[in-house]
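Source file: my_file.pdb (PDB, C-alpha atoms)
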MODEL        1
ATOM      1  CA  MET A 691       0.000   0.000   0.000
ATOM      2  CA  LYS A 692       2.874   2.368   0.839
ATOM      3  CA  GLU A 693       4.429   1.752  -2.584
ATOM      4  CA  PHE A 694       1.140   2.621  -4.286
ATOM      5  CA  LEU A 695       0.887   5.894  -2.322
ATOM      6  CA  LYS A 696       4.478   6.743  -3.269
ATOM      7  CA  VAL A 697       3.664   6.259  -6.946
ATOM      8  CA  VAL A 698       0.541   8.413  -6.632
ATOM      9  CA  LEU A 699       2.531  11.113  -4.821
ATOM     10  CA  TYR A 700       5.270  11.123  -7.481
ATOM     11  CA  LEU A 701       2.670  11.297 -10.250
ATOM     12  CA  ALA A 702       0.913  14.231  -8.521
ATOM     13  CA  ILE A 703       4.226  16.070  -8.081
ATOM     14  CA  GLY A 704       5.156  15.382 -11.701
ATOM     15  CA  LEU A 705       1.804  16.674 -12.917
ATOM     16  CA  ALA A 706       2.114  19.823 -10.781
ATOM     17  CA  VAL A 707       5.617  20.489 -12.167
ATOM     18  CA  PHE A 708       4.400  19.958 -15.746
ATOM     19  CA  VAL A 709       1.393  22.292 -15.359
ATOM     20  CA  SER A 710       3.571  24.934 -13.672
ATOM     21  CA  ALA A 711       6.171  24.703 -16.441
ATOM     22  CA  CYS A 712       3.472  25.177 -19.097
ATOM     23  CA  TYR A 713       2.091  28.222 -17.295
ATOM     24  CA  ILE A 714       5.560  29.748 -16.864
ATOM     25  CA  ARG A 715       6.328  29.103 -20.554
ATOM     26  CA  GLY A 716       3.082  30.900 -21.448
ATOM     27  CA  MET A 717       4.170  33.919 -19.410
ATOM     28  CA  TYR A 718       7.162  34.354 -21.738
ATOM     29  CA  LEU A 719       5.216  34.047 -24.983
ATOM     30  CA  PRO A 720       4.034  37.306 -26.587
ATOM     31  CA  GLU A 721       0.488  38.437 -25.751
ATOM     32  CA  GLU A 722      -0.001  39.915 -29.228
ATOM     33  CA  HIS A 723       0.247  38.056 -32.502
ATOM     34  CA  GLU A 724      -0.502  38.425 -36.199
ATOM     35  CA  ILE A 725      -1.154  35.499 -38.506
ATOM     36  CA  GLU A 726      -2.408  35.312 -42.052
ATOM     37  CA  ARG A 727      -4.072  32.512 -43.980
ATOM     38  CA  SER A 728      -5.150  32.410 -47.621
ATOM     39  CA  VAL A 729      -7.433  30.166 -49.615
ATOM     40  CA  THR A 730      -8.689  30.031 -53.198
ATOM     41  CA  ILE A 731     -12.410  29.396 -53.449
ATOM     42  CA  MET A 732     -14.040  28.332 -56.695
ATOM     43  CA  ALA A 733     -16.855  30.883 -56.592
ATOM     44  CA  PRO A 734     -17.343  34.520 -57.611
ATOM     45  CA  ARG A 735     -16.186  37.154 -55.137
ATOM     46  CA  ALA A 736     -19.756  38.351 -54.440
ATOM     47  CA  GLU A 737     -20.816  34.840 -53.415
ATOM     48  CA  VAL A 738     -17.855  34.454 -51.034
ATOM     49  CA  TRP A 739     -18.498  37.942 -49.620
ATOM     50  CA  ASN A 740     -22.179  37.181 -49.000
ATOM     51  CA  ALA A 741     -21.323  33.955 -47.174
ATOM     52  CA  ILE A 742     -18.819  35.723 -44.900
ATOM     53  CA  ARG A 743     -21.175  38.610 -44.102
ATOM     54  CA  ASP A 744     -24.293  36.462 -43.473
ATOM     55  CA  TYR A 745     -23.850  35.922 -39.731
ATOM     56  CA  GLN A 746     -27.297  34.430 -39.239
ATOM     57  CA  SER A 747     -26.340  31.423 -41.395
ATOM     58  CA  LEU A 748     -23.033  30.676 -39.592
ATOM     59  CA  PRO A 749     -24.478  27.819 -37.491
ATOM     60  CA  GLN A 750     -25.464  26.041 -40.711
ATOM     61  CA  TRP A 751     -21.923  25.807 -42.066
ATOM     62  CA  TYR A 752     -19.237  27.010 -39.613
ATOM     63  CA  SER A 753     -18.646  24.036 -37.315
ATOM     64  CA  PRO A 754     -17.709  25.810 -34.032
ATOM     65  CA  VAL A 755     -20.819  28.044 -34.067
ATOM     66  CA  THR A 756     -24.023  26.538 -32.661
ATOM     67  CA  ALA A 757     -26.192  29.708 -32.684
ATOM     68  CA  VAL A 758     -25.992  33.444 -33.434
ATOM     69  CA  GLU A 759     -27.809  36.266 -31.674
ATOM     70  CA  LYS A 760     -27.976  39.791 -33.100
ATOM     71  CA  LEU A 761     -26.818  42.507 -30.666
ATOM     72  CA  PRO A 762     -27.286  46.282 -30.790
ATOM     73  CA  ALA A 763     -24.969  48.048 -33.236
ATOM     74  CA  GLU A 764     -21.841  49.778 -31.928
ATOM     75  CA  ASN A 765     -20.513  52.879 -33.724
ATOM     76  CA  GLY A 766     -22.555  51.928 -36.781
ATOM     77  CA  ASP A 767     -21.110  48.399 -36.914
ATOM     78  CA  ALA A 768     -23.434  45.369 -36.756
ATOM     79  CA  CYS A 769     -22.701  43.149 -33.738
ATOM     80  CA  TYR A 770     -23.490  39.511 -33.042
ATOM     81  CA  LEU A 771     -23.004  36.997 -30.276
ATOM     82  CA  GLU A 772     -21.737  33.667 -31.547
ATOM     83  CA  MET A 773     -22.534  30.700 -29.315
ATOM     84  CA  HIS A 774     -19.852  28.045 -29.401
ATOM     85  CA  LYS A 775     -19.942  24.767 -27.467
ATOM     86  CA  LYS A 776     -17.881  26.140 -24.572
ATOM     87  CA  GLU A 777     -17.909  29.913 -25.005
ATOM     88  CA  ARG A 778     -19.729  32.954 -26.297
ATOM     89  CA  VAL A 779     -17.917  35.253 -28.727
ATOM     90  CA  LYS A 780     -18.956  38.836 -29.452
ATOM     91  CA  VAL A 781     -18.203  39.923 -33.032
ATOM     92  CA  CYS A 782     -18.750  43.383 -34.532
ATOM     93  CA  GLU A 783     -18.314  43.751 -38.293
ATOM     94  CA  HIS A 784     -16.923  46.823 -40.026
ATOM     95  CA  VAL A 785     -17.096  46.930 -43.813
ATOM     96  CA  VAL A 786     -14.120  48.811 -45.244
ATOM     97  CA  THR A 787     -14.857  48.307 -48.955
ATOM     98  CA  GLN A 788     -18.203  46.715 -49.842
ATOM     99  CA  GLY A 789     -17.702  43.336 -51.485
ATOM    100  CA  LYS A 790     -13.923  43.378 -50.991
ATOM    101  CA  GLU A 791     -12.667  44.112 -47.469
ATOM    102  CA  ALA A 792     -14.119  43.854 -43.968
ATOM    103  CA  VAL A 793     -12.839  43.766 -40.398
ATOM    104  CA  ASP A 794     -14.472  41.730 -37.631
ATOM    105  CA  ARG A 795     -13.685  42.854 -34.069
ATOM    106  CA  ILE A 796     -13.718  39.792 -31.806
ATOM    107  CA  GLU A 797     -14.134  39.841 -28.029
ATOM    108  CA  GLU A 798     -14.125  36.775 -25.841
ATOM    109  CA  GLU A 799     -12.848  35.855 -22.415
ATOM    110  CA  VAL A 800      -9.265  34.913 -23.349
ATOM    111  CA  PHE A 801      -8.867  36.478 -26.818
ATOM    112  CA  GLN A 802      -9.477  39.915 -28.269
ATOM    113  CA  GLY A 803      -8.557  41.060 -31.722
ATOM    114  CA  THR A 804      -9.637  41.374 -35.325
ATOM    115  CA  TRP A 805     -10.000  39.258 -38.426
ATOM    116  CA  THR A 806      -9.484  41.260 -41.624
ATOM    117  CA  TYR A 807     -10.868  39.714 -44.805
ATOM    118  CA  ASP A 808      -9.427  40.702 -48.192
ATOM    119  CA  LEU A 809     -11.161  39.208 -51.235
ATOM    120  CA  GLN A 810      -9.545  39.351 -54.677
ATOM    121  CA  SER A 811     -11.210  38.081 -57.843
ATOM    122  CA  ILE A 812      -8.970  35.671 -59.717
ATOM    123  CA  ASN A 813     -11.485  35.431 -62.544
ATOM    124  CA  ALA A 814     -15.277  35.386 -62.891
ATOM    125  CA  THR A 815     -15.594  32.047 -61.078
ATOM    126  CA  SER A 816     -12.891  32.057 -58.400
ATOM    127  CA  THR A 817     -11.784  34.209 -55.473
ATOM    128  CA  HIS A 818      -8.620  34.479 -53.417
ATOM    129  CA  LEU A 819      -9.423  35.172 -49.753
ATOM    130  CA  THR A 820      -6.745  36.334 -47.329
ATOM    131  CA  THR A 821      -7.714  36.570 -43.661
ATOM    132  CA  THR A 822      -5.380  38.268 -41.198
ATOM    133  CA  GLU A 823      -5.776  37.816 -37.461
ATOM    134  CA  HIS A 824      -4.408  40.533 -35.171
ATOM    135  CA  GLY A 825      -4.931  39.180 -31.683
ATOM    136  CA  ARG A 826      -4.111  39.397 -28.021
ATOM    137  CA  ILE A 827      -4.257  36.449 -25.627
ATOM    138  CA  TYR A 828      -4.148  37.604 -22.027
ATOM    139  CA  SER A 829      -3.930  34.357 -20.045
ATOM    140  CA  PRO A 830      -0.462  32.717 -19.962
ATOM    141  CA  TRP A 831      -2.104  29.285 -19.878
ATOM    142  CA  SER A 832      -4.229  30.076 -22.953
ATOM    143  CA  ARG A 833      -1.168  31.562 -24.707
ATOM    144  CA  PHE A 834       0.788  28.381 -24.069
ATOM    145  CA  LEU A 835      -2.019  26.236 -25.503
ATOM    146  CA  ALA A 836      -2.503  28.517 -28.526
ATOM    147  CA  TYR A 837       1.181  28.628 -29.422
ATOM    148  CA  GLN A 838       1.653  24.920 -28.728
ATOM    149  CA  PHE A 839      -1.314  23.686 -30.743
ATOM    150  CA  GLY A 840      -1.481  26.306 -33.479
ATOM    151  CA  LEU A 841      -2.495  29.941 -33.470
ATOM    152  CA  GLY A 842      -4.039  29.584 -36.918
ATOM    153  CA  ALA A 843      -6.426  26.752 -36.064
ATOM    154  CA  GLY A 844      -9.485  29.042 -36.015
ATOM    155  CA  LEU A 845      -8.623  30.615 -39.366
ATOM    156  CA  ASN A 846      -7.899  27.213 -40.895
ATOM    157  CA  SER A 847     -11.260  25.772 -39.848
ATOM    158  CA  PHE A 848     -13.102  28.933 -40.961
ATOM    159  CA  HIS A 849     -11.511  28.787 -44.427
ATOM    160  CA  ALA A 850     -12.172  25.043 -44.794
ATOM    161  CA  ASP A 851     -15.818  25.364 -43.734
ATOM    162  CA  LEU A 852     -16.360  28.466 -45.918
ATOM    163  CA  LYS A 853     -14.832  26.754 -48.943
ATOM    164  CA  LYS A 854     -17.122  23.720 -48.474
ATOM    165  CA  ARG A 855     -20.194  25.897 -48.051
ATOM    166  CA  VAL A 856     -19.608  28.104 -51.090
ATOM    167  CA  GLU A 857     -18.223  25.512 -53.485
ATOM    168  CA  ASN A 858     -20.850  22.867 -52.666
ATOM    169  CA  LYS A 859     -23.826  25.196 -52.920
TER     170      LYS A 859
ENDMDL
END
Kindly present the structure from the file in structure tokens form.
Amino acid sequence: MKEFLKVVLYLAIGLAVFVSACYIRGMYLPEEHEIERSVTIMAPRAEVWNAIRDYQSLPQWYSPVTAVEKLPAENGDACYLEMHKKERVKVCEHVVTQGKEAVDRIEEEVFQGTWTYDLQSINATSTHLTTTEHGRIYSPWSRFLAYQFGLGAGLNSFHADLKKRVENK
């Protein structure tokens, strides 16, 4: 019995050291980041634009979003609350150039920042979309997880889901 308790104690100490090391590592990672992802979508620019700007339809095609609730506008920008499985994300959209460029301001518990969409027509039936994330992750633990498992995961899944939705329409 004593040997079993020793093993459990060593495992608990090891786990505590590991978790502490991850947290400390996160403290030394930068709070702010910028990442960019691009994708070519076989659809006209207007169709891609409409899919990105239609927040009410997000739960139908963007896998992390389970529901969307419209919020009051802020400074003339439309705002929405995206319900995800484990969190709620406030997004306010600002159109820079209709049909070509928009900025979404994102506010959640551990992340704040923007996604900037730039759509370029390749030809009449295809569009090149570049999305740039300017973000800030406040929690050292969340920073560690984001940097360890990929800062661009959200952009990657958004592009993949958007491409499926628009191309398979």
* On this structure, which residues satisfy the PyMOL selection byres ((chain A and resi 852) around 9), written as a ChimeraX atom specification? -> /A:731,738,741-742,751-752,847-851,853-857
* To do: Could you check which of A:Ala711, A:His818, A:Ser829, A:Cys782 is closest to A:Glu764, using all atoms listed in the file?
  =>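 Once distances to A:Glu764 are computed over all atoms listed in the file, the minimum belongs to A:Cys782.
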* To do: List the neighbours of A:Trp831 out to 10 Å using only C-alpha atoms; skip same-chain residues closer than 2 positions along the sequence, and give me the result as a PyMOL selection string.
  => chain A and resi 709-710+712-717+800+827-829+833-836
Given the selection you just returned, output its residues as a file containing C-alpha atoms, formatted as a PDB file, in the frame of the given file.
ATOM      1  CA  VAL A 709       1.393  22.292 -15.359  1.00  0.00           C
ATOM      2  CA  SER A 710       3.571  24.934 -13.672  1.00  0.00           C
ATOM      3  CA  CYS A 712       3.472  25.177 -19.097  1.00  0.00           C
ATOM      4  CA  TYR A 713       2.091  28.222 -17.295  1.00  0.00           C
ATOM      5  CA  ILE A 714       5.560  29.748 -16.864  1.00  0.00           C
ATOM      6  CA  ARG A 715       6.328  29.103 -20.554  1.00  0.00           C
ATOM      7  CA  GLY A 716       3.082  30.900 -21.448  1.00  0.00           C
ATOM      8  CA  MET A 717       4.170  33.919 -19.410  1.00  0.00           C
ATOM      9  CA  VAL A 800      -9.265  34.913 -23.349  1.00  0.00           C
ATOM     10  CA  ILE A 827      -4.257  36.449 -25.627  1.00  0.00           C
ATOM     11  CA  TYR A 828      -4.148  37.604 -22.027  1.00  0.00           C
ATOM     12  CA  SER A 829      -3.930  34.357 -20.045  1.00  0.00           C
ATOM     13  CA  ARG A 833      -1.168  31.562 -24.707  1.00  0.00           C
ATOM     14  CA  PHE A 834       0.788  28.381 -24.069  1.00  0.00           C
ATOM     15  CA  LEU A 835      -2.019  26.236 -25.503  1.00  0.00           C
ATOM     16  CA  ALA A 836      -2.503  28.517 -28.526  1.00  0.00           C
TER      17      ALA A 836
END
* Structure fact -> Of A:Glu823, A:Ser747, A:Leu695, A:Val781, the one sitting nearest A:Pro762 when using all atoms listed in the file is A:Val781
* Grab the atom CA of A:Ile812 to atom CA of A:Gly825 distance for me, in Å with one decimal place. =>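 Taking atom CA of A:Ile812 and atom CA of A:Gly825, their separation equals 28.5 Å.
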* **Target residues per the PyMOL selection byres ((chain A and resi 776) around 12), formatted as a list of chain:residue names** =>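 This file gives the following for the PyMOL selection byres ((chain A and resi 776) around 12): A:Pro754, A:Val755, A:Thr756, A:Glu772, A:Met773, A:His774, A:Lys775, A:Glu777, A:Arg778, A:Val779, A:Glu798, A:Glu799.
Relative to atom CA of A:Ala763, atom CA of A:Arg735 is found at 26.0 Å.
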